[in-house]
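The structure appears below as structure tokens.
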Number of protein chains: 2
Amino acid sequence: MISLAVTPLTPEAFAPFGEVLDTRGDPILINAGFARRHNDLCTVDVAPEGGATNVSIFVAKARTLPLLITMMERHPLGSQAFMPLQDQPWLAVVCIDPADPSTFRAFACTGRQGVNYARDVWHFPLVTFADGDRFMVVDRKGPGNNLEERFLPQDRHLTVSR
Amino acid sequence: MISLAVTPLTPEAFAPFGEVLDTRGDPILINAGFARRHNDLCTVDVAPEGGATNVSIFVAKARTLPLLITMMERHPLGSQAFMPLQDQPWLAVVCIDPADPSTFRAFACTGRQGVNYARDVWHFPLVTFADGDRFMVVDRKGPGNNLEERFLPQDRHLTVSR
């Protein structure tokens, strides 16, 4: 069993896997000053093979740490953005190569940070710590198989802990 | 001055203006039972004139009731979805025809309801009641002018109240 420590989510650390959705950048003032717009936070990449943008809400069941990782998944036909709808912490677990444990990262996301997994980026499904946590998800709908799952050999299972 | 009362947001009442984003419908069970997906909640309509999907976060400044409506806006090149990132009430004010006060509606949205304004639907900018309320917005980026504002003649100003 390989162990993996959680590290804070930053745009720089997450760059190989996609983008961070937050309000750190400079906003545009709109609506006669009644709103600040943090614009164009991620690349919604859903066009291949006749795809279109799919907006959905995921309602999660809590997981606990240490978390056992025995599989990873990716979406070969599009990006997938997750934004929490409550200010509660959650985890984004990703890797470059499921066969290489050294490429795994577990990011601690605040309740004010979302992520956009780029197309083809391996990730573990949504990890939250409270039942019923909701996420707005922007990904792809359309023809073709957009889900690839990879099960890890038993000697390469990982446990994620703080 | 014309007065307009706030009514609860329901998908049926909002249908002439767009869609409601919530978790009322039947979900799909995914992630080995760790998530329920309320799928494909709205029509992201951003394609005309070379547009693409824009994901952004709006941070709002509080407004107060009674709210004075002296203008409305619409987006001729795309839809615009708003989803609150905290469980706090907000308002969606819309109309069919800015020149006809009888076509105005003010919807009280819960903090667990978003809306997607269909293309060309007249609406008032975001109305929230707490400074710093955040919304995830899915709309259009691309060439062309996607904002039309219509100022109401003074005898057709509206006040929105509970």
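Here, A, B, ... name the chains of the structure tokens in the order displayed, residue numbers run from 1 inside each chain, and ligands are numbered from 1 in the same displayed order.
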
Could you pull out the residues in region 5-162 of chain A that DSSP calls strand (DSSP E) from the backbone, as JSON, numbers by chain? {"A": [5, 6, 7, 8, 18, 19, 20, 21, 28, 29, 30, 35, 36, 37, 38, 52, 53, 54, 55, 56, 57, 58, 59, 60, 67, 68, 69, 71, 72, 73, 74, 80, 81, 82, 83, 84, 90, 91, 92, 93, 94, 95, 104, 105, 106, 107, 108, 109, 114, 115, 116, 117, 122, 123, 127, 128, 134, 135, 136, 137, 138, 139, 140, 141, 148, 149, 150, 151, 158, 159, 160, 161]}

Pull out every residue of chain A sitting within 9 Å of chain B, counting only C-alpha atoms, and send them as a PyMOL selection string. chain A and resi 21-23+27+31+33-45+52-63+83-87+112+125-127+132+136+138+141

Based on the backbone DSSP call, show me all residues of chain A assigned helix (DSSP H, G or I), as a PyMOL selection string. chain A and resi 11-14+31-33+48-50+101-103+154-156

Extract, using only C-alpha atoms, all DNA, RNA and protein residues at most 8 Å from Arg156 (chain B), discarding same-chain residues fewer than 6 positions from it, and format them as number ranges by chain. B: 1-2, 70, 99, 101

For those residues, write all heavy atoms to a file as a compact mmCIF listing (two decimals), in the first residue's frame.
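Saved to part_7.txt:
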# COMPACT_ATOMS: atom_id res chain seq x y z
N MET B 1 -45.71 54.82 -10.49
CA MET B 1 -44.89 53.68 -10.09
C MET B 1 -45.77 52.43 -10.00
O MET B 1 -46.83 52.46 -9.40
CB MET B 1 -44.26 53.96 -8.71
CG MET B 1 -43.18 53.01 -8.36
SD MET B 1 -41.62 53.48 -9.12
CE MET B 1 -41.15 54.87 -8.12
N ILE B 2 -45.27 51.36 -10.58
CA ILE B 2 -46.03 50.12 -10.61
C ILE B 2 -45.42 49.18 -9.59
O ILE B 2 -44.20 49.09 -9.48
CB ILE B 2 -45.96 49.50 -12.03
CG1 ILE B 2 -46.57 50.49 -13.05
CG2 ILE B 2 -46.65 48.15 -12.08
CD1 ILE B 2 -45.89 50.47 -14.38
N THR B 70 -35.57 50.20 -13.09
CA THR B 70 -35.63 51.28 -14.09
C THR B 70 -35.06 50.82 -15.43
O THR B 70 -35.09 51.56 -16.40
CB THR B 70 -34.82 52.51 -13.62
OG1 THR B 70 -33.45 52.16 -13.52
CG2 THR B 70 -35.32 53.00 -12.28
N ALA B 99 -41.89 47.03 -22.23
CA ALA B 99 -42.89 48.09 -22.40
C ALA B 99 -44.23 47.73 -21.76
O ALA B 99 -45.11 48.58 -21.67
CB ALA B 99 -43.09 48.37 -23.89
N PRO B 101 -45.80 46.43 -18.37
CA PRO B 101 -45.57 46.10 -16.96
C PRO B 101 -46.27 44.81 -16.51
O PRO B 101 -45.82 44.17 -15.57
CB PRO B 101 -46.15 47.31 -16.21
CG PRO B 101 -46.11 48.42 -17.19
CD PRO B 101 -46.33 47.80 -18.55

Please compute the CA of Val94 (chain A)-CA of Met72 (chain A) distance, one decimal, in Å. 8.0 Å

Would you pick out the contacts of Ala106 (chain B) at 6 Å or less, using only C-alpha atoms, so that residues sharing its chain but fewer than 4 positions from it are not included, and give the list as a compact mmCIF listing (two decimals) with all heavy atoms, in the first residue's frame?
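Saved to out_24.txt:
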# COMPACT_ATOMS: atom_id res chain seq x y z
N VAL B 6 -43.24 39.64 -5.11
CA VAL B 6 -42.37 38.49 -5.30
C VAL B 6 -43.19 37.20 -5.15
O VAL B 6 -44.01 37.09 -4.25
CB VAL B 6 -41.24 38.52 -4.24
CG1 VAL B 6 -40.44 37.24 -4.27
CG2 VAL B 6 -40.35 39.73 -4.46
N ALA B 92 -34.88 36.63 -8.94
CA ALA B 92 -34.76 36.69 -10.40
C ALA B 92 -35.94 37.51 -10.91
O ALA B 92 -37.09 37.11 -10.77
CB ALA B 92 -34.78 35.28 -11.00
N VAL B 93 -35.64 38.68 -11.47
CA VAL B 93 -36.69 39.56 -12.00
C VAL B 93 -36.62 39.53 -13.52
O VAL B 93 -35.56 39.80 -14.10
CB VAL B 93 -36.51 41.01 -11.49
CG1 VAL B 93 -37.61 41.90 -12.03
CG2 VAL B 93 -36.48 41.04 -9.96

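Using only C-alpha atoms, the contacts of Leu68 (chain B) at a cut-off of 7 Å, with sequence neighbours closer than 5 positions omitted, comprise Leu158, Thr159 and Val160 of chain B.
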
What does the distance from CA of Leu91 (chain A) to CA of Pro8 (chain A) come to in Å, to one decimal? 9.4 Å

Of the listed residues B:Ala130, B:Gly50, B:Leu9, B:Asp26, that which approaches Pro143 (chain B) most closely, counting only C-alpha atoms: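 So, comparing all the options, the nearest one is B:Gly50.
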
Calculated over only C-alpha atoms, which of the candidates A:Ser161, A:Arg24, A:Met71, A:Glu12 has the smallest distance to Cys95 (chain A)? A:Met71

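Taking CA of Pro76 (chain B) and CA of Asp120 (chain B) as the two end points, the separation is 4.8 Å.
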